[in-house]
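Structure file data.txt with compact mmCIF, C-alpha atoms and all ligand atoms:
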```txt
# COMPACT_ATOMS: atom_id res chain seq x y z
CA MET Z 83 -21.56 -23.47 13.57
CA ARG Z 84 -24.83 -25.20 14.15
CA GLY Z 85 -26.11 -28.01 12.00
CA GLN Z 86 -25.11 -31.50 11.28
CA ARG Z 87 -21.52 -32.22 10.30
CA ALA Z 88 -21.52 -33.50 6.81
CA HIS Z 89 -19.53 -36.35 5.36
CA ARG Z 90 -15.82 -35.48 5.29
CA VAL Z 91 -13.73 -36.41 2.28
CA THR Z 92 -11.14 -38.89 3.48
CA THR Z 93 -7.51 -38.97 2.46
CA ALA Z 94 -8.12 -42.27 0.66
CA HIS Z 95 -10.99 -40.66 -1.19
CA LEU Z 96 -8.69 -37.86 -2.24
CA GLN Z 97 -5.83 -40.11 -3.20
CA ALA Z 98 -8.18 -41.65 -5.73
CA ALA Z 99 -8.86 -38.18 -7.03
CA TYR Z 100 -5.25 -37.04 -7.20
CA PRO Z 101 -2.45 -39.53 -6.81
CA PHE Z 102 0.32 -36.98 -6.37
CA VAL Z 103 2.75 -36.05 -3.66
CA ALA Z 104 2.65 -32.65 -1.98
CA GLU Z 105 5.70 -30.43 -1.34
CA GLY Z 106 7.08 -27.84 -3.64
CA GLY Z 107 7.70 -24.29 -4.85
CA LEU Z 108 6.32 -22.41 -1.90
CA GLY Z 109 7.38 -25.05 0.60
CA GLY Z 110 5.44 -26.17 3.63
CA ARG Z 111 1.97 -27.63 3.83
CA GLY Z 112 -0.55 -26.97 1.15
CA ALA Z 113 -2.80 -28.57 -1.39
CA PHE Z 114 -1.00 -29.95 -4.41
CA ILE Z 115 -1.65 -27.78 -7.47
CA GLY Z 116 0.64 -29.17 -10.10
CA LYS Z 117 4.07 -28.82 -11.58
CA ASP Z 118 6.23 -25.77 -11.11
CA LEU Z 119 7.60 -25.48 -14.64
CA PHE Z 120 10.94 -24.35 -13.25
CA GLY Z 121 11.25 -27.44 -11.10
CA GLY Z 122 9.39 -29.46 -8.50
CA SER Z 123 5.78 -29.68 -7.52
CA PHE Z 124 3.75 -26.66 -6.51
CA THR Z 125 1.56 -26.60 -3.42
CA TYR Z 126 -0.63 -23.83 -2.06
CA ASP Z 127 -2.72 -23.03 0.97
CA ALA Z 128 -3.42 -19.37 1.65
CA PHE Z 129 -3.90 -19.81 5.39
CA GLU Z 130 -0.56 -21.58 5.84
CA LEU Z 131 1.25 -18.96 3.77
CA TYR Z 132 -0.45 -16.23 5.76
CA GLU Z 133 0.58 -17.80 9.06
CA HIS Z 134 4.15 -18.05 7.86
CA GLY Z 135 4.23 -14.43 6.74
CA VAL Z 136 4.68 -15.20 3.03
CA ILE Z 137 1.53 -13.23 2.27
CA THR Z 138 -0.31 -10.64 4.33
CA SER Z 139 -3.69 -11.19 2.71
CA PRO Z 140 -5.30 -14.55 1.96
CA ASN Z 141 -7.42 -13.48 -1.03
CA MET Z 142 -6.91 -14.75 -4.55
CA VAL Z 143 -7.88 -13.56 -8.01
CA VAL Z 144 -7.92 -16.01 -10.92
CA ALA Z 145 -8.08 -14.44 -14.36
CA GLY Z 146 -7.93 -15.83 -17.88
CA GLN Z 147 -9.74 -16.31 -21.16
CA LEU Z 148 -12.70 -18.65 -21.39
CA GLY Z 149 -11.83 -22.35 -21.31
CA ARG Z 150 -8.28 -21.98 -19.97
CA GLY Z 151 -8.87 -23.88 -16.77
CA LYS Z 152 -9.78 -21.25 -14.17
CA SER Z 153 -12.80 -23.08 -12.79
CA ALA Z 154 -10.99 -26.41 -13.03
CA LEU Z 155 -8.26 -25.02 -10.79
CA VAL Z 156 -10.74 -23.67 -8.28
CA LYS Z 157 -12.76 -26.89 -8.21
CA THR Z 158 -9.74 -29.08 -7.53
CA LEU Z 159 -8.50 -26.61 -4.95
CA CYS Z 160 -11.88 -26.87 -3.19
CA LEU Z 161 -11.55 -30.64 -3.21
CA ARG Z 162 -7.90 -30.89 -2.24
CA GLU Z 163 -8.23 -28.32 0.56
CA GLN Z 164 -10.77 -30.54 2.33
CA VAL Z 165 -7.92 -32.67 3.60
CA PHE Z 166 -6.67 -29.62 5.52
CA GLY Z 167 -10.07 -29.18 7.13
CA ARG Z 168 -10.98 -26.06 5.21
CA ARG Z 169 -14.63 -25.27 4.71
CA VAL Z 170 -15.51 -24.35 1.14
CA VAL Z 171 -18.36 -22.10 0.08
CA VAL Z 172 -19.00 -21.61 -3.62
CA MET Z 173 -21.10 -19.10 -5.50
CA ASP Z 174 -21.82 -20.90 -8.75
CA PRO Z 175 -23.55 -18.74 -11.38
CA LYS Z 176 -23.19 -21.30 -14.17
CA GLY Z 177 -24.41 -24.35 -12.29
CA GLU Z 178 -21.18 -26.26 -12.89
CA TYR Z 179 -20.19 -27.38 -9.38
CA ALA Z 180 -22.91 -30.04 -9.04
CA GLN Z 181 -20.64 -33.01 -9.80
CA LEU Z 182 -18.05 -31.80 -7.32
CA ALA Z 183 -20.73 -31.27 -4.69
CA SER Z 184 -22.13 -34.72 -5.27
CA PHE Z 185 -18.64 -36.27 -5.03
CA CYS Z 186 -18.24 -34.51 -1.68
CA ASP Z 187 -21.69 -35.72 -0.60
CA THR Z 188 -23.12 -32.27 -0.28
CA LYS Z 189 -26.35 -30.86 -1.67
CA VAL Z 190 -26.39 -27.86 -3.95
CA ILE Z 191 -28.56 -24.97 -2.82
CA GLY Z 192 -30.42 -23.89 -5.96
CA LEU Z 193 -31.89 -20.39 -5.89
CA ARG Z 194 -34.35 -19.25 -8.51
CA PRO Z 195 -37.19 -16.73 -8.75
CA ARG Z 196 -40.33 -18.15 -7.12
CA GLY Z 197 -38.37 -21.24 -6.14
CA ARG Z 198 -38.57 -23.19 -2.91
CA LEU Z 199 -35.63 -21.59 -1.16
CA ARG Z 200 -35.12 -18.08 0.10
CA LEU Z 201 -32.19 -16.29 1.69
CA ASN Z 202 -32.74 -13.19 3.77
CA PRO Z 203 -29.79 -10.84 3.24
CA LEU Z 204 -31.04 -8.96 6.32
CA ASP Z 205 -31.08 -12.15 8.39
CA ASP Z 206 -30.88 -11.57 12.15
CA ARG Z 207 -27.59 -13.49 12.26
CA ILE Z 208 -25.95 -10.80 10.15
CA ALA Z 209 -24.47 -7.76 11.90
CA ARG Z 210 -26.46 -4.56 11.37
CA GLU Z 211 -23.53 -2.74 9.75
CA ASP Z 212 -23.17 -5.58 7.22
CA GLN Z 213 -26.89 -5.44 6.47
CA LEU Z 214 -26.61 -1.73 5.80
CA ARG Z 215 -23.46 -2.17 3.72
CA LEU Z 216 -25.39 -4.58 1.50
CA LEU Z 217 -28.40 -2.27 1.19
CA HIS Z 218 -26.12 0.58 0.12
CA ALA Z 219 -24.32 -1.64 -2.38
CA ILE Z 220 -27.36 -3.13 -4.11
CA SER Z 221 -29.19 0.20 -4.18
CA ALA Z 222 -26.20 1.94 -5.79
CA ALA Z 223 -25.82 -0.95 -8.23
CA ALA Z 224 -29.49 -0.89 -9.22
CA LEU Z 225 -29.48 2.90 -9.61
CA GLU Z 226 -26.15 2.71 -11.47
CA ARG Z 227 -24.79 5.66 -9.54
CA SER Z 228 -23.46 6.50 -6.08
CA LEU Z 229 -26.06 7.08 -3.41
CA ARG Z 230 -26.77 10.60 -2.23
CA PRO Z 231 -26.23 11.28 1.49
CA GLN Z 232 -30.01 11.60 1.99
CA GLU Z 233 -30.56 8.21 0.36
CA LYS Z 234 -28.06 6.62 2.70
CA THR Z 235 -29.81 8.20 5.67
CA ALA Z 236 -33.19 7.05 4.39
CA LEU Z 237 -31.90 3.48 4.04
CA GLU Z 238 -30.38 3.52 7.49
CA ARG Z 239 -33.63 4.69 9.10
CA ALA Z 240 -35.70 2.30 6.98
CA LEU Z 241 -33.56 -0.62 8.10
CA GLU Z 242 -34.02 0.46 11.69
CA GLN Z 243 -37.78 0.74 11.23
CA ALA Z 244 -37.89 -2.65 9.47
CA GLY Z 245 -36.09 -4.23 12.43
CA GLN Z 246 -38.62 -3.01 14.94
CA GLY Z 247 -41.67 -4.99 15.91
CA ARG Z 248 -42.12 -8.67 15.15
CA GLY Z 249 -39.64 -10.71 13.20
CA GLU Z 250 -36.37 -9.83 11.54
CA PRO Z 251 -35.97 -7.14 8.90
CA THR Z 252 -36.55 -8.19 5.29
CA LEU Z 253 -36.27 -6.38 1.97
CA PRO Z 254 -40.08 -5.94 1.65
CA LYS Z 255 -40.13 -4.35 5.10
CA VAL Z 256 -37.31 -1.98 4.10
CA VAL Z 257 -39.14 -1.00 0.89
CA ASP Z 258 -42.27 -0.44 2.90
CA ALA Z 259 -40.42 1.67 5.47
CA LEU Z 260 -38.85 3.78 2.69
CA LEU Z 261 -42.27 4.51 1.22
CA ASN Z 262 -44.12 4.77 4.53
CA PRO Z 263 -41.72 6.09 7.16
CA SER Z 264 -43.05 6.36 10.67
CA ASP Z 265 -43.46 9.87 12.11
CA GLU Z 266 -41.03 8.89 14.82
CA ALA Z 267 -38.32 7.96 12.28
CA ALA Z 268 -38.80 11.20 10.37
CA THR Z 269 -38.61 13.26 13.55
CA ALA Z 270 -35.37 11.51 14.50
CA ILE Z 271 -33.63 12.98 11.47
CA SER Z 272 -35.40 16.33 11.71
CA ALA Z 273 -37.22 15.93 8.42
CA ASP Z 274 -40.90 15.92 7.70
CA ARG Z 275 -42.36 12.68 6.39
CA ARG Z 276 -42.94 14.00 2.88
CA ALA Z 277 -39.34 15.11 2.51
CA TRP Z 278 -38.13 11.75 3.73
CA VAL Z 279 -40.31 9.78 1.34
CA GLY Z 280 -38.73 11.88 -1.41
CA TRP Z 281 -35.23 10.90 -0.26
CA GLY Z 282 -35.91 7.20 -0.40
CA ARG Z 283 -38.33 6.92 -3.32
CA GLU Z 284 -35.91 6.06 -6.12
CA VAL Z 285 -34.13 3.51 -3.97
CA ALA Z 286 -37.45 1.96 -2.97
CA PHE Z 287 -38.55 1.57 -6.59
CA GLU Z 288 -35.29 -0.14 -7.54
CA LEU Z 289 -35.39 -2.50 -4.55
CA ARG Z 290 -38.98 -3.43 -5.37
CA ARG Z 291 -37.75 -5.50 -8.29
CA LEU Z 292 -36.32 -7.96 -5.78
CA VAL Z 293 -39.55 -7.94 -3.82
CA THR Z 294 -42.42 -7.82 -6.28
CA GLY Z 295 -40.86 -7.99 -9.75
CA ASP Z 296 -39.38 -10.74 -11.90
CA LEU Z 297 -36.81 -11.59 -9.24
CA LYS Z 298 -39.33 -12.11 -6.47
CA GLY Z 299 -38.98 -15.14 -4.26
CA MET Z 300 -35.22 -15.30 -3.71
CA PHE Z 301 -34.23 -12.65 -1.19
CA ASP Z 302 -37.56 -11.28 0.02
CA GLY Z 303 -38.41 -13.29 3.10
CA LYS Z 304 -37.02 -15.25 6.00
CA THR Z 305 -34.22 -17.68 5.20
CA SER Z 306 -35.56 -21.16 4.47
CA ARG Z 307 -35.00 -23.44 7.42
CA SER Z 308 -33.83 -26.31 5.28
CA ILE Z 309 -30.62 -24.48 4.35
CA ASP Z 310 -27.71 -26.00 6.25
CA LEU Z 311 -24.35 -24.29 6.31
CA GLY Z 312 -22.75 -26.89 8.53
CA ALA Z 313 -21.36 -28.96 5.67
CA ASP Z 314 -17.69 -28.97 4.66
CA MET Z 315 -18.73 -27.74 1.26
CA VAL Z 316 -21.62 -25.44 0.45
CA VAL Z 317 -22.54 -24.70 -3.17
CA LEU Z 318 -25.03 -22.02 -4.04
CA ASP Z 319 -26.30 -22.38 -7.60
CA LEU Z 320 -27.56 -19.22 -9.28
CA SER Z 321 -27.64 -20.54 -12.84
CA ALA Z 322 -31.40 -19.93 -13.07
CA VAL Z 323 -30.61 -16.19 -13.18
CA TYR Z 324 -27.33 -16.39 -15.10
CA ASP Z 325 -28.84 -14.44 -18.00
CA SER Z 326 -30.47 -11.80 -15.82
CA ASP Z 327 -29.17 -8.25 -16.07
CA ALA Z 328 -29.32 -8.26 -12.27
CA LEU Z 329 -26.99 -11.27 -11.88
CA GLY Z 330 -24.35 -9.18 -10.09
CA ILE Z 331 -26.89 -7.82 -7.61
CA LEU Z 332 -28.30 -11.28 -6.94
CA MET Z 333 -24.82 -12.74 -6.46
CA THR Z 334 -24.03 -9.94 -4.05
CA CYS Z 335 -27.21 -10.59 -2.02
CA ALA Z 336 -26.31 -14.27 -1.81
CA ALA Z 337 -22.64 -13.61 -1.05
CA ALA Z 338 -23.53 -11.08 1.62
CA TRP Z 339 -25.92 -13.53 3.23
CA LEU Z 340 -23.34 -16.33 3.19
CA GLN Z 341 -20.51 -14.18 4.48
CA GLY Z 342 -22.69 -12.52 7.10
CA VAL Z 343 -24.03 -15.81 8.45
CA LEU Z 344 -20.65 -17.55 8.28
CA ALA Z 345 -19.03 -14.67 10.16
CA GLU Z 346 -20.74 -15.93 13.31
CA SER Z 347 -18.49 -19.00 13.29
CA THR Z 348 -14.95 -17.70 13.24
CA THR Z 349 -13.19 -20.92 14.12
CA ARG Z 350 -13.30 -22.62 10.76
CA LYS Z 351 -11.01 -21.38 8.00
CA THR Z 352 -13.21 -20.87 4.98
CA ILE Z 353 -12.54 -20.58 1.28
CA PHE Z 354 -15.18 -18.44 -0.38
CA VAL Z 355 -15.32 -18.85 -4.15
CA LEU Z 356 -16.96 -16.32 -6.42
CA ASP Z 357 -16.87 -17.91 -9.85
CA GLU Z 358 -17.76 -15.57 -12.73
CA ALA Z 359 -17.01 -12.64 -10.41
CA TRP Z 360 -17.01 -10.21 -13.35
CA ALA Z 361 -20.77 -9.94 -12.79
CA ILE Z 362 -20.05 -8.19 -9.50
CA LEU Z 363 -16.91 -6.38 -10.58
CA SER Z 364 -18.47 -4.73 -13.61
CA ASN Z 365 -20.80 -2.67 -11.44
CA LEU Z 366 -19.23 -0.03 -9.25
CA GLY Z 367 -21.75 -0.17 -6.40
CA ILE Z 368 -21.34 -3.87 -5.75
CA ALA Z 369 -17.63 -3.92 -6.67
CA LYS Z 370 -17.16 -1.61 -3.69
CA TRP Z 371 -19.03 -4.13 -1.54
CA LEU Z 372 -16.64 -6.83 -2.72
CA GLN Z 373 -13.62 -4.65 -2.04
CA ALA Z 374 -14.80 -4.09 1.53
CA SER Z 375 -15.41 -7.79 2.00
CA PHE Z 376 -11.87 -8.56 0.73
CA LYS Z 377 -10.61 -6.16 3.37
CA LEU Z 378 -12.56 -7.98 6.09
CA SER Z 379 -11.29 -11.40 5.07
CA ARG Z 380 -8.33 -11.60 7.47
CA ALA Z 381 -10.46 -10.77 10.48
CA ARG Z 382 -13.00 -13.39 9.42
CA GLY Z 383 -10.61 -16.25 8.63
CA LEU Z 384 -11.81 -16.14 5.05
CA GLN Z 385 -10.03 -16.54 1.75
CA ASN Z 386 -12.00 -14.94 -1.07
CA ILE Z 387 -11.30 -16.35 -4.51
CA ALA Z 388 -12.65 -14.20 -7.35
CA VAL Z 389 -12.66 -15.74 -10.82
CA MET Z 390 -12.86 -13.47 -13.85
CA HIS Z 391 -11.85 -13.21 -17.47
CA ARG Z 392 -9.56 -10.23 -17.58
CA PHE Z 393 -8.22 -7.55 -15.33
CA SER Z 394 -10.02 -4.89 -17.31
CA ASP Z 395 -13.18 -6.34 -15.69
CA LEU Z 396 -11.80 -4.42 -12.75
CA SER Z 397 -11.30 -1.09 -14.47
CA ALA Z 398 -14.23 -0.05 -16.59
CA THR Z 399 -14.11 3.08 -18.68
CA GLY Z 400 -16.59 5.95 -18.78
CA SER Z 401 -17.52 8.53 -16.20
CA GLN Z 402 -17.01 6.14 -13.33
CA GLY Z 403 -13.62 5.06 -14.72
CA SER Z 404 -11.40 6.64 -12.09
CA GLN Z 405 -13.55 5.45 -9.18
CA GLN Z 406 -13.61 1.98 -10.68
CA GLU Z 407 -9.84 2.10 -11.03
CA ARG Z 408 -9.53 2.97 -7.33
CA VAL Z 409 -11.78 0.08 -6.37
CA ALA Z 410 -9.74 -2.26 -8.60
CA ARG Z 411 -6.47 -1.21 -7.06
CA GLY Z 412 -7.95 -1.43 -3.57
CA LEU Z 413 -9.20 -4.93 -4.26
CA LEU Z 414 -5.85 -6.04 -5.64
CA SER Z 415 -3.98 -4.55 -2.70
CA ASP Z 416 -5.94 -7.01 -0.55
CA THR Z 417 -5.18 -9.88 -2.94
CA GLU Z 418 -1.70 -11.30 -2.75
CA THR Z 419 -2.30 -14.37 -4.85
CA ARG Z 420 -2.93 -13.51 -8.49
CA VAL Z 421 -3.25 -16.44 -10.85
CA VAL Z 422 -3.13 -15.39 -14.48
CA TYR Z 423 -4.10 -17.74 -17.30
CA ALA Z 424 -3.73 -16.81 -20.98
CA GLN Z 425 -4.70 -13.25 -21.83
CA PRO Z 426 -5.21 -11.84 -25.34
CA HIS Z 427 -2.63 -9.30 -26.57
CA SER Z 428 -5.21 -6.54 -26.09
CA GLU Z 429 -5.34 -7.25 -22.36
CA VAL Z 430 -1.63 -7.53 -21.63
CA LYS Z 431 -1.05 -3.86 -20.94
CA ALA Z 432 -3.95 -3.53 -18.45
CA THR Z 433 -2.83 -6.73 -16.73
CA CYS Z 434 0.76 -5.51 -16.44
CA ASP Z 435 -0.32 -2.11 -15.16
CA LEU Z 436 -2.47 -3.58 -12.43
CA LEU Z 437 -0.16 -6.42 -11.42
CA GLY Z 438 3.23 -4.85 -12.10
CA LEU Z 439 4.48 -7.72 -14.26
CA THR Z 440 7.96 -7.89 -15.74
CA GLU Z 441 8.46 -7.73 -19.51
CA THR Z 442 9.22 -11.43 -19.66
CA GLU Z 443 5.99 -12.23 -17.78
CA ALA Z 444 4.03 -9.91 -20.06
CA ALA Z 445 5.38 -11.61 -23.18
CA LEU Z 446 4.39 -14.97 -21.78
CA LEU Z 447 0.72 -14.15 -21.12
CA PRO Z 448 -0.76 -14.61 -24.61
CA GLN Z 449 1.14 -17.88 -25.06
CA LEU Z 450 0.08 -19.79 -21.97
CA GLU Z 451 -1.52 -23.12 -22.76
CA ARG Z 452 -4.70 -24.46 -21.19
CA GLY Z 453 -3.97 -25.43 -17.59
CA VAL Z 454 -0.83 -23.31 -17.29
CA ALA Z 455 -0.83 -20.06 -15.32
CA LEU Z 456 1.46 -17.44 -13.95
CA TRP Z 457 1.12 -17.42 -10.17
CA LYS Z 458 2.11 -14.24 -8.35
CA VAL Z 459 2.20 -15.05 -4.66
CA GLY Z 460 3.29 -12.10 -2.53
CA GLU Z 461 6.56 -11.00 -4.08
CA ARG Z 462 7.23 -14.28 -5.85
CA SER Z 463 6.35 -15.61 -9.31
CA PHE Z 464 5.79 -19.16 -10.49
CA LEU Z 465 4.77 -20.75 -13.73
CA VAL Z 466 2.50 -23.62 -12.80
CA TRP Z 467 0.92 -26.41 -14.80
CA HIS Z 468 -2.23 -27.47 -12.99
CA LEU Z 469 -2.35 -31.29 -12.95
CA LEU Z 470 -5.56 -33.28 -12.80
CA GLY Z 471 -6.20 -36.78 -11.48
CA GLU Z 472 -8.47 -39.14 -13.40
CA THR Z 473 -11.36 -38.83 -10.96
CA GLU Z 474 -10.99 -35.08 -10.93
CA ARG Z 475 -11.25 -34.86 -14.70
CA ALA Z 476 -14.83 -36.07 -14.55
CA LEU Z 477 -15.63 -33.54 -11.83
CA ILE Z 478 -14.30 -30.49 -13.60
CA ASP Z 479 -15.28 -31.19 -17.18
CA THR Z 480 -17.22 -28.22 -18.50
CA ASP Z 481 -16.75 -29.15 -22.16
CA SER Z 482 -18.99 -32.24 -22.12
CA ARG Z 483 -21.33 -30.77 -19.51
CA MET Z 484 -22.59 -28.39 -22.16
CA ILE Z 485 -24.83 -31.16 -23.39
CA GLN Z 486 -26.20 -32.05 -19.96
CA PRO Z 487 -29.13 -30.27 -18.36
CA ARG Z 488 -27.91 -27.12 -16.65
CA LEU Z 489 -29.50 -27.76 -13.33
CA ALA Z 490 -28.63 -31.44 -12.99
CA GLY Z 491 -28.19 -32.36 -9.36
CA VAL Z 492 -29.65 -29.15 -8.00
CA THR Z 493 -32.07 -29.55 -5.12
N1 LIG B 501 -5.19 -28.33 -16.02
C1 LIG B 501 -5.92 -28.85 -17.00
N2 LIG B 501 -5.47 -29.89 -17.72
C2 LIG B 501 -6.22 -30.43 -18.72
N3 LIG B 501 -7.45 -30.00 -19.06
C3 LIG B 501 -7.95 -28.95 -18.39
C4 LIG B 501 -7.21 -28.33 -17.34
N4 LIG B 501 -7.96 -27.33 -16.85
C5 LIG B 501 -9.11 -27.34 -17.55
N5 LIG B 501 -9.10 -28.30 -18.49
C6 LIG B 501 -10.20 -28.59 -19.42
O1 LIG B 501 -10.63 -27.39 -19.99
C7 LIG B 501 -12.05 -27.26 -19.92
C8 LIG B 501 -12.40 -25.84 -19.55
O2 LIG B 501 -11.90 -25.56 -18.27
P1 LIG B 501 -12.63 -24.56 -17.27
O3 LIG B 501 -11.90 -24.61 -16.00
O4 LIG B 501 -14.08 -24.82 -17.23
O5 LIG B 501 -12.36 -23.16 -18.02
P2 LIG B 501 -12.63 -21.67 -17.54
O6 LIG B 501 -13.21 -21.68 -16.19
O7 LIG B 501 -11.28 -20.99 -17.59
O8 LIG B 501 -13.55 -21.10 -18.58
C9 LIG B 501 -12.51 -28.26 -18.89
O9 LIG B 501 -13.62 -28.95 -19.40
C10 LIG B 501 -11.37 -29.20 -18.67
O10 LIG B 501 -11.65 -30.47 -19.17
MG MG B 502 -15.15 -21.08 -15.58
```
Please, can you express the file's structure as structure tokens?
Ligand SMILES: Nc1ncnc2c1ncn2[C@@H]1O[C@H](COP(=O)(O)OP(=O)(O)O)[C@@H](O)[C@H]1O
Ligand SMILES: [Mg+2]
Amino acid sequence: MRGQRAHRVTTAHLQAAYPFVAEGGLGGRGAFIGKDLFGGSFTYDAFELYEHGVITSPNMVVAGQLGRGKSALVKTLCLREQVFGRRVVVMDPKGEYAQLASFCDTKVIGLRPRGRLRLNPLDDRIAREDQLRLLHAISAAALERSLRPQEKTALERALEQAGQGRGEPTLPKVVDALLNPSDEAATAISADRRAWVGWGREVAFELRRLVTGDLKGMFDGKTSRSIDLGADMVVLDLSAVYDSDALGILMTCAAAWLQGVLAESTTRKTIFVLDEAWAILSNLGIAKWLQASFKLSRARGLQNIAVMHRFSDLSATGSQGSQQERVARGLLSDTETRVVYAQPHSEVKATCDLLGLTETEAALLPQLERGVALWKVGERSFLVWHLLGETERALIDTDSRMIQPRLAGVT
């Protein structure tokens, strides 16, 4: 990876943050998580467990009611994993990782409409098939339906047309190519220009919102040069659009850019955190994108961590219910670490169905206290109390942060 190496958190630095000893439930090396309530300390590192064959997929899902400690767990994991040389990349839709970033001496990348920074999800560093995968996903999400075969073809040709000539493809160029296809492109798919414009029109109008509408100025141009992905920790703050109905689409654009650009450096094991991942999972088009990216994680040396409230985020009802269910099951089949915090009684059945919990585990779910979770790692189960060091408490506190400005510390 190019770019300057950022400050690395030292062991001494970390000891101040968590004065505990590692070694426990799963054995071997790993970041200390807390106390295994059936004895000993509990440590975890997906890459170690993967190498030792305990799990066959590094991804993790963290689910639980609001305020139970999901983000706190993920934040301390990000911090504690630094000692093992892991790179951490965080998608932060609530703007709550700023203190952690500042403790790790890293700047938060703040994205907002008409802001200073832009990411190009069609960046030249991203493989063409990943660019197309993203275009399909965000178009389907914006249209709230699956794409027709002609729409997929139109997008493919438009991306090709946008990549010709000067500079890299961008979303405005793709929109332009959808609305004004070249004769050459139309001939290549044996369609006349008018027919082709018809195929791509609806997609073009939906994508225009990212290019000329209220969301302009985030993903519609070349990536800002000041963005450095060389640091040990990268935090992308999307809190400026947290209330947008397009949050899921925007998170997907940002995640696709990060994953696509990071894929060029395969040597560094990377933890990729999607906090508030329900925003992506609640829309079928982009949930499929996430499922595919979970599948790619092994090949890319990536651990995806998706944080959500409940497992029914994964299985919406309605006409798309069965497709959504398939995506949910596919995603979970590529996720061998499932961390479940307290769930309301109404959610227990869905959780048990998707995770295959025992009756004893099911009965436990509504009773779990803040900070305590059921960890399903591969075939094994643990009940773990996540322990916090004094320094860490200040870094993960979302209760008192409510009164601080949302974007504190954002560049
Ligand atoms: N393991 C823990 N022990 C003690 N307090 C915790 C623990 N985890 C979280 N908390 C407290 O609970 C609050 C909410 O936690 P948070 O992780 O933000 O919840 P969630 O992400 O599940 O909504 C935090 O401000 C933190 O102070
Ligand atoms: Mg949270």
Distance table requested - chain Z against ligand LIG 501 (chain B), cut-off 7 Å, only C-alpha atoms and all ligand atoms: one row per qualifying residue with the closest atom pair and its distance in Å to one decimal, ordered by chain and rising residue number, as a Markdown table.
```
| residue | atom | partner | partner_atom | distance |
| --- | --- | --- | --- | --- |
| Z:Gly146 | CA | B:LIG501 | O7 | 6.2 |
| Z:Gln147 | CA | B:LIG501 | O7 | 6.1 |
| Z:Leu148 | CA | B:LIG501 | O8 | 3.8 |
| Z:Gly149 | CA | B:LIG501 | O5 | 3.4 |
| Z:Arg150 | CA | B:LIG501 | O7 | 4.0 |
| Z:Gly151 | CA | B:LIG501 | O3 | 3.2 |
| Z:Lys152 | CA | B:LIG501 | O7 | 3.7 |
| Z:Ser153 | CA | B:LIG501 | O3 | 3.7 |
| Z:Ala154 | CA | B:LIG501 | O3 | 3.6 |
| Z:Leu155 | CA | B:LIG501 | O3 | 6.4 |
| Z:Arg452 | CA | B:LIG501 | C4 | 6.0 |
| Z:Gly453 | CA | B:LIG501 | N1 | 3.5 |
| Z:Val454 | CA | B:LIG501 | N1 | 6.8 |
| Z:Trp467 | CA | B:LIG501 | N1 | 6.5 |
| Z:His468 | CA | B:LIG501 | N1 | 4.3 |
| Z:Leu469 | CA | B:LIG501 | N1 | 5.1 |
| Z:Leu470 | CA | B:LIG501 | N1 | 5.9 |
| Z:Arg475 | CA | B:LIG501 | O10 | 6.3 |
| Z:Ile478 | CA | B:LIG501 | C10 | 6.0 |
| Z:Asp479 | CA | B:LIG501 | O9 | 3.6 |
| Z:Thr480 | CA | B:LIG501 | O9 | 3.8 |
| Z:Asp481 | CA | B:LIG501 | O9 | 4.2 |
| Z:Ser482 | CA | B:LIG501 | O9 | 6.9 |
```
Inset, instruction - Find, counting only C-alpha atoms, the residue in Z:Asn365, Z:Asn141, Z:Ser264, Z:Thr349 that gets nearest to Ala328 (chain Z). - result: Z:Asn365
Legend entry - Z:Ala259, Z:Ala338, Z:Met390, Z:Val323 ranked by distance to Gly245 (chain Z), top pick (using all atoms listed in the file):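 Comparing Z:Ala259, Z:Ala338, Z:Met390, Z:Val323 against Gly245 (chain Z), the winner is Z:Ala259.
For the residues Z:Ile137, Z:Ala444, Z:Cys335, Z:Ile115, ranking by smallest atom-to-atom distance to Glu461 (chain Z) using all atoms listed in the file places Z:Ile137 first.
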Inset, instruction - Could you give me, as an MDAnalysis selection string, the residues within 9 Å of Arg290 (chain Z), counting all atoms listed in the file and dropping anything in the same chain fewer than 4 positions from it? - result: chainID Z and resid 253:254 257 285:286 294:295 298
Inset, instruction - Kindly give the distance, in Å, that separates CA of Asp265 (chain Z) and CA of Arg283 (chain Z), rounded to a single decimal. - result: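 Computed distance, CA of Asp265 (chain Z) to CA of Arg283 (chain Z), equals 16.5 Å.
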Inset, instruction - Dig up all the protein and nucleic acid residues within 9 Å of (-34.2, 8.6, -3.8) in the file frame, using all atoms listed in the file, and format them as a ChimeraX atom specification. - result: /Z:229-230,232-233,236,279-287
Which residues are near region 415-418 of chain Z? Cut-off 7 Å, all atoms listed in the file, ignore same chain within fewer than 4 positions. Put them as an mmCIF file with C-alpha atoms, in the coordinates of the input.
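The resulting file, out06.cif, is shown below:
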```cif
data_model
loop_
_atom_site.group_PDB
_atom_site.id
_atom_site.type_symbol
_atom_site.label_atom_id
_atom_site.label_comp_id
_atom_site.auth_asym_id
_atom_site.auth_seq_id
_atom_site.Cartn_x
_atom_site.Cartn_y
_atom_site.Cartn_z
ATOM 1 C CA ILE Z 137 1.530 -13.230 2.270
ATOM 2 C CA SER Z 139 -3.690 -11.190 2.710
ATOM 3 C CA PRO Z 140 -5.300 -14.550 1.960
ATOM 4 C CA ASN Z 141 -7.420 -13.480 -1.030
ATOM 5 C CA MET Z 142 -6.910 -14.750 -4.550
ATOM 6 C CA VAL Z 143 -7.880 -13.560 -8.010
ATOM 7 C CA PHE Z 376 -11.870 -8.560 0.730
ATOM 8 C CA LYS Z 377 -10.610 -6.160 3.370
ATOM 9 C CA ARG Z 411 -6.470 -1.210 -7.060
ATOM 10 C CA VAL Z 459 2.200 -15.050 -4.660
ATOM 11 C CA GLY Z 460 3.290 -12.100 -2.530
#
```
